[in-house]
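Asker: The structure that follows is given in the form of structure tokens.
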Protein chains: 2
Amino acid sequence: MHSIDLIERTFPGRRSDLKRIILREALACFNEVGIEATSIETIRARCDTSVGAIYHHFGNKEGLVAALFFAALEDQASLRDHYLQAADTAHAGVVGLVYSYVEWVTEQPDWARFVFQSRFAVSSGPFKEELLARNKQRNQQLKEWMSGEGRKEHFSHLPAELIPSLIIGAAESYSRAWLSAKVKKSPFDYRELLAEAAWKSISLG
Amino acid sequence: MHSIDLIERTFPGRRSDLKRIILREALACFNEVGIEATSIETIRARCDTSVGAIYHHFGNKEGLVAALFFAALEDQASLRDHYLQAADTAHAGVVGLVYSYVEWVTEQPDWARFVFQSRFAVSSGPFKEELLARNKQRNQQLKEWMSGEGRKEHFSHLPAELIPSLIIGAAESYSRAWLSAKVKKSPFDYRELLAEAAWKSISLG
DNA sequence: TTAGTTGCAGAATAATATTCTGTAACGGAA
DNA sequence: TTCCGTTACAGAATATTATTCTGCAACTAA
């Protein structure tokens, strides 16, 4: 789909050459042995660089994690926007949300795994404000979409704060299971079932 | 409901006195600032004990995390068993699964928060085998329950590996949101809606 | 009693994160 | 082009943290 990968999109330019290498190797390490278990020295060695360079670009380990985390969130959001933009009916919107989610997870499994792994740390570290702001904006965006003409009557019988979980809860849960190899088929393979289940779960009756 | 708390249930006896104190304080620290950000020294100070004692009881930091994690899982499982045992129809079982889940999360928010935070670390650390075994057993148990007479026809139209996510996905997602204060009402308050949404999501049509 | 096992303390050590200082490349202004 | 401020990087020095180790005291079964 995209010819260049997530990192190139987020950190373009020749000046960010080493920066991209560090991000790539760090992501690999984090997924292989976990964030806590990968030391700066390990990353340094895999990039054949110095600790100074790493700290220059990211401040500290937490900053490196946050850079990866927000890059992933942004990429995920852009795919979601792409899907939502094409959806006018309530049903199409719900399907789009589920589809965009499972497609992103299936296409970027390493990034998805990392997002699951790092969310808590980011949300309680020095970048929590930034994450909070992004979540708020996304919720606002969804809320506006749901209150559009011809759509709102499909959601108004449910508490607003519950709706997002009803829509992507199952897809997220299955994605986690797939990323940790507990199930075989990818969430993308089950996208129709997941989307229809989401739709039924918010339907009346 | 229970007169003694989760820790007393899991680590009884006067010999485990300090052990329980350490577990309690460690859980508090982990939830307040995160696992990575809490040092052994911090825990030691809060328990007014020595690092030797901590390492004697738990081996290392990872062992301490694992002890908390498995204690929580066990407690959660016992409540689930309690609910499932009373359910004979498919509908009652699905409702029971959702109810037991949200009830546990709402009653033990600190433990639930910690489980979400630590699952990845445990699943990729030296205790992954143990976790895998427990998951396997739980899945087997669920599978057997679902294949019982008068129930299996309600599940057989869906892939087995997808069903657990359809049932608890939304409840889990909403629980996470509640535990990080992104929503106001507790999952327990929405238990009927969550249970009915789960049931609809696996229903035919 | 007594030998062995378990519970705990705290100093010593090891592993790791972070800071700091210096040097070279770069990019625009004169 | 030269000059100057800024950015990119290296690596030694330092600080922080996890873990080990040795010793002692309490308990326990014989």
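In the structure tokens, chains take the letters A, B, ... in the order shown, each chain's residues start at 1, and ligands count up from 1 in the order shown.
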I need the chain A residues near chain D as a list in words; criterion: at most 7 Å, counting only C-alpha atoms (C1' of nucleotides).
Answerer: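 Filtering chain A at 7 Å from chain D with only C-alpha atoms (C1' of nucleotides) gives Ser50, Gly52 and Ala53 of chain A.
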Asker: Give the residues of chain A that lie within 7 Å of chain B; count only C-alpha atoms, and format the answer as a list in words.
Answerer: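 Residues satisfying the distance criterion: Val33, Gly34, Glu36, Gln117, Phe120, Ala121, Ser124, Glu161, Leu162, Ser165, Leu166, Gly169, Ala170, Ser173, Tyr174, Val183, Ala197, Ala198, Lys200, Ser201 and Ile202 of chain A.
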Asker: How about saving the chosen residues, N, CA and C atoms kept, as a compact mmCIF listing (two decimals), in the first residue's frame?
Answerer:
# COMPACT_ATOMS: atom_id res chain seq x y z
N VAL A 33 12.55 -8.63 23.38
CA VAL A 33 12.75 -8.98 24.79
C VAL A 33 11.99 -8.09 25.76
N GLY A 34 11.26 -7.10 25.25
CA GLY A 34 10.53 -6.21 26.14
C GLY A 34 11.28 -4.91 26.37
N GLU A 36 11.62 -3.07 29.18
CA GLU A 36 12.43 -3.05 30.39
C GLU A 36 13.72 -3.84 30.21
N GLN A 117 2.30 -2.80 24.31
CA GLN A 117 3.30 -2.96 25.36
C GLN A 117 3.63 -1.65 26.08
N PHE A 120 0.81 1.83 28.67
CA PHE A 120 0.75 2.18 30.09
C PHE A 120 1.90 3.08 30.50
N ALA A 121 3.11 2.71 30.07
CA ALA A 121 4.28 3.51 30.45
C ALA A 121 4.14 4.94 29.94
N SER A 124 1.59 7.07 31.85
CA SER A 124 1.89 7.49 33.23
C SER A 124 3.23 8.19 33.32
N GLU A 161 -19.99 7.22 26.35
CA GLU A 161 -18.68 6.72 26.80
C GLU A 161 -18.51 5.22 26.60
N LEU A 162 -19.62 4.55 26.36
CA LEU A 162 -19.56 3.09 26.19
C LEU A 162 -19.34 2.67 24.73
N SER A 165 -15.89 1.33 23.08
CA SER A 165 -15.54 -0.02 23.53
C SER A 165 -16.39 -1.08 22.85
N LEU A 166 -17.66 -0.77 22.64
CA LEU A 166 -18.52 -1.74 21.98
C LEU A 166 -18.07 -1.96 20.54
N GLY A 169 -13.83 -3.05 20.86
CA GLY A 169 -13.39 -3.95 21.94
C GLY A 169 -13.02 -5.34 21.45
N ALA A 170 -13.90 -5.97 20.71
CA ALA A 170 -13.63 -7.33 20.26
C ALA A 170 -12.44 -7.38 19.31
N SER A 173 -9.29 -6.99 21.32
CA SER A 173 -9.00 -8.20 22.09
C SER A 173 -8.45 -9.30 21.19
N TYR A 174 -9.07 -9.48 20.03
CA TYR A 174 -8.58 -10.51 19.13
C TYR A 174 -7.20 -10.16 18.57
N VAL A 183 -3.79 -17.18 18.88
CA VAL A 183 -4.73 -17.62 17.84
C VAL A 183 -4.02 -17.61 16.50
N ALA A 197 -20.20 -8.18 14.15
CA ALA A 197 -20.41 -8.35 15.59
C ALA A 197 -20.48 -6.98 16.27
N ALA A 198 -19.62 -6.08 15.87
CA ALA A 198 -19.63 -4.73 16.44
C ALA A 198 -20.96 -4.04 16.15
N LYS A 200 -23.88 -5.43 15.45
CA LYS A 200 -24.96 -6.06 16.21
C LYS A 200 -24.92 -5.64 17.67
N SER A 201 -23.71 -5.49 18.20
CA SER A 201 -23.60 -5.17 19.62
C SER A 201 -24.15 -3.79 19.96
N ILE A 202 -24.18 -2.89 18.99
CA ILE A 202 -24.75 -1.58 19.29
C ILE A 202 -26.18 -1.42 18.77
Asker: Would you mind listing, as a list in words, all residues of chain B that have at least one atom within 12 Å of chain C, where only C-alpha atoms (C1' of nucleotides) are what counts?
Answerer: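 Contact residues on the first chain: Arg15, Ser16, Asp17, Leu18, Lys19, Arg44, Asp48, Thr49, Ser50, Val51, Gly52, Ala53, Ile54, Tyr55, His56 and His57 of chain B.
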Asker: Filtering to C-alpha atoms, could you give me those residues as an mmCIF file, in the first residue's frame?
Answerer:
data_model
loop_
_atom_site.group_PDB
_atom_site.id
_atom_site.type_symbol
_atom_site.label_atom_id
_atom_site.label_comp_id
_atom_site.auth_asym_id
_atom_site.auth_seq_id
_atom_site.Cartn_x
_atom_site.Cartn_y
_atom_site.Cartn_z
ATOM 1 C CA ARG B 15 4.888 -16.976 58.465
ATOM 2 C CA SER B 16 4.103 -14.934 55.380
ATOM 3 C CA ASP B 17 3.598 -11.779 57.326
ATOM 4 C CA LEU B 18 6.302 -9.614 55.796
ATOM 5 C CA LYS B 19 5.735 -11.259 52.441
ATOM 6 C CA ARG B 44 12.179 -1.526 50.757
ATOM 7 C CA ASP B 48 10.716 -0.699 56.413
ATOM 8 C CA THR B 49 12.602 -3.857 55.596
ATOM 9 C CA SER B 50 15.761 -4.881 53.706
ATOM 10 C CA VAL B 51 16.527 -5.706 50.108
ATOM 11 C CA GLY B 52 17.648 -9.107 51.330
ATOM 12 C CA ALA B 53 14.165 -9.873 52.550
ATOM 13 C CA ILE B 54 12.608 -8.893 49.250
ATOM 14 C CA TYR B 55 15.005 -11.025 47.238
ATOM 15 C CA HIS B 56 14.627 -13.871 49.674
ATOM 16 C CA HIS B 57 10.889 -14.033 49.117
#
Asker: For B:Cys47, list every protein, DNA or RNA residue within 7 Å, evaluated using only C-alpha atoms (C1' of nucleotides), and leave out those in the same chain fewer than 2 positions away; present the list as a list in words.
Answerer: Ile21, Ile22, Glu25, Ile43, Arg44, Ala45 and Thr49 of chain B
